[in-house]
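Trainee: Here it is, the structure, as structure tokens.
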Amino acid sequence: MVMASKWKAQLVALLGLGLLLALPAQADYGAARWPKVQSVEQANVTLRQVEQERALVQDQFAEAERVCYGRFFVNACLSDAKEVRRKALAVLRAAEVDAEHFKRADSVEKRDAELAERARKDAEEEAQHAAQPPKAPKVVDDTPRPPPVAGPVVDREARHAEKLKKLEAQDAANAGKRAENVVNFERKQQESQRRQAEVARKKAENEAKQAAKAEAEQRKAEAAKRQ
């Protein structure tokens, strides 16, 4: 018993110098060190920091592992070192998940906003076309005309009349299409609103899950610290 206590004291001193003091304190990995991400820039900074500190945790564990193999109680020494590494990596992973989730949610919001803006512009253009008064039908002069002098003149007039008829038919068809576009725009607006509401709901659920997970990790860390 005395030998085990003496070894524990040596292990704490050794790991305190070689591992625990080389890493940020376990409390520093909690909410105070990793506040909730509020912007994409903050998310990117967090991800870079997590990557750097994860590498540091692994390096220091490797050093502690090397030292443990020189001790008498190798397995107990390795178990303690692995537990320190596990707790540190768990908190780093929680911060990484929070940052990645924020970036994904931000990307979805921007995409939905772009789709909604595009639909709004399309609807505005269609509404402007629909609001324009229809072209007045061309008045046809029924005054009798002398017979054409030459065939080419009659052909030109016939082609011109046929062209006018096609234009009038096209205007009538476009009027129906403009009305249909207005209806489609209103439907797109409703769909966009539903998508935004669904994104907001999922974001709130994920934030609640992350908060609960972080709180559970913090309680677990505090309980382990008290032990």
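A note on labels: chains of the structure tokens are A, B, ... as shown, every chain counts residues from 1, and ligands are counted from 1 in their shown order.
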Give me the residues within 12 Å of Lys202 in chain A as JSON, numbers by chain, counting only C-alpha atoms and dropping any in the same chain fewer than 5 places off.

Mentor: {"A": [101, 102, 104, 105, 108, 109, 195, 196, 197, 207, 208, 209]}

Trainee: Env of Arg120 in chain A: 12 Å cut, atoms = only C-alpha atoms, seq-sep filter 6 positions within chain, self excluded. Answer as a JSON list (two decimals) with all heavy atoms, in the first residue's frame.

Mentor:
[["chain", "number", "residue", "atom", "x", "y", "z"],
["A", 113, "ALA", "N", -31.35, 31.44, -48.79],
["A", 113, "ALA", "CA", -31.53, 32.87, -49.04],
["A", 113, "ALA", "C", -31.31, 33.20, -50.51],
["A", 113, "ALA", "O", -32.03, 34.02, -51.09],
["A", 113, "ALA", "CB", -30.57, 33.68, -48.16],
["A", 114, "GLU", "N", -30.31, 32.56, -51.12],
["A", 114, "GLU", "CA", -30.04, 32.80, -52.54],
["A", 114, "GLU", "C", -31.20, 32.31, -53.41],
["A", 114, "GLU", "O", -31.60, 32.98, -54.37],
["A", 114, "GLU", "CB", -28.75, 32.10, -52.95],
["A", 114, "GLU", "CG", -27.50, 32.74, -52.37],
["A", 114, "GLU", "CD", -26.24, 31.95, -52.69],
["A", 114, "GLU", "OE1", -26.36, 30.88, -53.31],
["A", 114, "GLU", "OE2", -25.15, 32.39, -52.33],
["A", 126, "GLU", "N", -41.80, 38.72, -63.84],
["A", 126, "GLU", "CA", -43.05, 38.22, -64.42],
["A", 126, "GLU", "C", -44.21, 39.15, -64.09],
["A", 126, "GLU", "O", -45.09, 39.37, -64.93],
["A", 126, "GLU", "CB", -43.33, 36.81, -63.88],
["A", 126, "GLU", "CG", -42.33, 35.76, -64.34],
["A", 126, "GLU", "CD", -42.33, 35.59, -65.85],
["A", 126, "GLU", "OE1", -43.36, 35.89, -66.48],
["A", 126, "GLU", "OE2", -41.30, 35.17, -66.40],
["A", 127, "ALA", "N", -44.22, 39.69, -62.86],
["A", 127, "ALA", "CA", -45.31, 40.60, -62.48],
["A", 127, "ALA", "C", -45.25, 41.88, -63.32],
["A", 127, "ALA", "O", -46.29, 42.44, -63.71],
["A", 127, "ALA", "CB", -45.21, 40.94, -60.99],
["A", 181, "ASN", "N", -47.01, 32.17, -64.32],
["A", 181, "ASN", "CA", -45.75, 32.48, -63.63],
["A", 181, "ASN", "C", -46.01, 33.15, -62.29],
["A", 181, "ASN", "O", -45.28, 32.92, -61.32],
["A", 181, "ASN", "CB", -44.89, 33.39, -64.51],
["A", 181, "ASN", "CG", -44.31, 32.65, -65.69],
["A", 181, "ASN", "OD1", -44.16, 31.43, -65.65],
["A", 181, "ASN", "ND2", -43.97, 33.36, -66.75],
["A", 182, "VAL", "N", -47.04, 33.99, -62.22],
["A", 182, "VAL", "CA", -47.37, 34.64, -60.94],
["A", 182, "VAL", "C", -47.78, 33.58, -59.92],
["A", 182, "VAL", "O", -47.38, 33.61, -58.75],
["A", 182, "VAL", "CB", -48.50, 35.67, -61.15],
["A", 182, "VAL", "CG1", -48.99, 36.19, -59.80],
["A", 182, "VAL", "CG2", -47.99, 36.84, -62.00],
["A", 184, "ASN", "N", -46.90, 30.42, -59.95],
["A", 184, "ASN", "CA", -45.70, 29.64, -59.60],
["A", 184, "ASN", "C", -44.81, 30.39, -58.61],
["A", 184, "ASN", "O", -44.21, 29.78, -57.72],
["A", 184, "ASN", "CB", -44.89, 29.32, -60.87],
["A", 184, "ASN", "CG", -45.59, 28.33, -61.76],
["A", 184, "ASN", "OD1", -46.43, 27.55, -61.30],
["A", 184, "ASN", "ND2", -45.29, 28.34, -63.05],
["A", 185, "PHE", "N", -44.72, 31.70, -58.76],
["A", 185, "PHE", "CA", -43.91, 32.48, -57.83],
["A", 185, "PHE", "C", -44.47, 32.40, -56.41],
["A", 185, "PHE", "O", -43.74, 32.24, -55.44],
["A", 185, "PHE", "CB", -43.86, 33.94, -58.29],
["A", 185, "PHE", "CG", -43.30, 34.87, -57.25],
["A", 185, "PHE", "CD1", -41.95, 34.87, -56.96],
["A", 185, "PHE", "CD2", -44.12, 35.72, -56.53],
["A", 185, "PHE", "CE1", -41.42, 35.71, -55.99],
["A", 185, "PHE", "CE2", -43.61, 36.55, -55.57],
["A", 185, "PHE", "CZ", -42.26, 36.55, -55.29],
["A", 186, "GLU", "N", -45.78, 32.54, -56.30],
["A", 186, "GLU", "CA", -46.39, 32.46, -54.97],
["A", 186, "GLU", "C", -46.14, 31.09, -54.34],
["A", 186, "GLU", "O", -45.87, 30.98, -53.15],
["A", 186, "GLU", "CB", -47.89, 32.72, -55.08],
["A", 186, "GLU", "CG", -48.21, 34.17, -55.50],
["A", 186, "GLU", "CD", -49.70, 34.39, -55.67],
["A", 186, "GLU", "OE1", -50.46, 33.39, -55.61],
["A", 186, "GLU", "OE2", -50.12, 35.56, -55.85],
["A", 187, "ARG", "N", -46.19, 30.03, -55.16],
["A", 187, "ARG", "CA", -45.93, 28.70, -54.64],
["A", 187, "ARG", "C", -44.47, 28.57, -54.19],
["A", 187, "ARG", "O", -44.18, 27.99, -53.14],
["A", 187, "ARG", "CB", -46.24, 27.65, -55.70],
["A", 187, "ARG", "CG", -46.10, 26.20, -55.17],
["A", 187, "ARG", "CD", -46.49, 25.16, -56.20],
["A", 187, "ARG", "NE", -45.54, 25.15, -57.31],
["A", 187, "ARG", "CZ", -45.78, 25.64, -58.50],
["A", 187, "ARG", "NH1", -46.95, 26.19, -58.77],
["A", 187, "ARG", "NH2", -44.88, 25.59, -59.47],
["A", 188, "LYS", "N", -43.54, 29.13, -54.98],
["A", 188, "LYS", "CA", -42.12, 29.08, -54.60],
["A", 188, "LYS", "C", -41.86, 29.84, -53.30],
["A", 188, "LYS", "O", -41.06, 29.41, -52.47],
["A", 188, "LYS", "CB", -41.26, 29.68, -55.72],
["A", 188, "LYS", "CG", -41.18, 28.82, -56.97],
["A", 188, "LYS", "CD", -40.33, 29.49, -58.04],
["A", 188, "LYS", "CE", -40.24, 28.65, -59.30],
["A", 188, "LYS", "NZ", -39.45, 29.34, -60.36],
["A", 189, "GLN", "N", -42.56, 30.96, -53.12],
["A", 189, "GLN", "CA", -42.40, 31.73, -51.89],
["A", 189, "GLN", "C", -42.84, 30.90, -50.68],
["A", 189, "GLN", "O", -42.18, 30.88, -49.64],
["A", 189, "GLN", "CB", -43.24, 33.02, -51.97],
["A", 189, "GLN", "CG", -42.66, 34.07, -52.90],
["A", 189, "GLN", "CD", -41.41, 34.71, -52.33],
["A", 189, "GLN", "OE1", -40.30, 34.16, -52.40],
["A", 189, "GLN", "NE2", -41.54, 35.88, -51.76],
["A", 190, "GLN", "N", -43.96, 30.21, -50.81],
["A", 190, "GLN", "CA", -44.45, 29.39, -49.71],
["A", 190, "GLN", "C", -43.49, 28.24, -49.42],
["A", 190, "GLN", "O", -43.21, 27.93, -48.25],
["A", 190, "GLN", "CB", -45.84, 28.85, -50.06],
["A", 190, "GLN", "CG", -46.92, 29.92, -50.15],
["A", 190, "GLN", "CD", -48.26, 29.37, -50.60],
["A", 190, "GLN", "OE1", -48.35, 28.19, -50.94],
["A", 190, "GLN", "NE2", -49.28, 30.21, -50.61],
["A", 192, "SER", "N", -40.29, 28.20, -50.00],
["A", 192, "SER", "CA", -39.08, 28.77, -49.40],
["A", 192, "SER", "C", -39.30, 29.05, -47.92],
["A", 192, "SER", "O", -38.43, 28.80, -47.08],
["A", 192, "SER", "CB", -38.69, 30.06, -50.13],
["A", 192, "SER", "OG", -37.57, 30.65, -49.51]]

Trainee: Please compute the CA of Lys82 in chain A-CA of Lys220 in chain A distance, one decimal, in Å.

Mentor: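 That distance, rounded to one decimal, is 16.4 Å.
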
Trainee: In Å, with one decimal, what is the gap from CA of Ser107 in chain A to CA of Glu215 in chain A?

Mentor: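 Separation between CA of Ser107 in chain A and CA of Glu215 in chain A: 26.5 Å.
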
Trainee: Any idea what the distance is between CA of Pro144 in chain A and CA of His160 in chain A?

Mentor: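 Atom-to-atom, CA of Pro144 in chain A to CA of His160 in chain A, that is 17.9 Å.
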
Trainee: May I ask which of the residues A:Ala211, A:Ala179, A:Ala224, A:Ala43 is the closest one to Glu83 in chain A, counting only C-alpha atoms?

Mentor: A:Ala224

Trainee: As an MDAnalysis selection string, please: the residues near Glu53 in chain A (cut-off 8 Å, only C-alpha atoms, same-chain neighbours under 4 positions excluded).

Mentor: chainID A and resid 49 57 92

Trainee: For the residues in that selection, give me N, CA and C atoms as a PDB file, in the first residue's frame.

Mentor:
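Generated output (result.pdb):
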ATOM      1  N   GLN A  49      -7.527  25.499 -34.132  1.00  0.00           N
ATOM      2  CA  GLN A  49      -7.015  25.295 -32.782  1.00  0.00           C
ATOM      3  C   GLN A  49      -7.193  23.846 -32.332  1.00  0.00           C
ATOM      4  N   VAL A  57      -1.908  16.826 -27.882  1.00  0.00           N
ATOM      5  CA  VAL A  57      -2.340  15.779 -26.951  1.00  0.00           C
ATOM      6  C   VAL A  57      -1.689  14.445 -27.322  1.00  0.00           C
ATOM      7  N   LEU A  92     -12.116  18.261 -27.072  1.00  0.00           N
ATOM      8  CA  LEU A  92     -11.733  18.818 -28.374  1.00  0.00           C
ATOM      9  C   LEU A  92     -12.722  18.408 -29.458  1.00  0.00           C
TER      10      LEU A  92
END
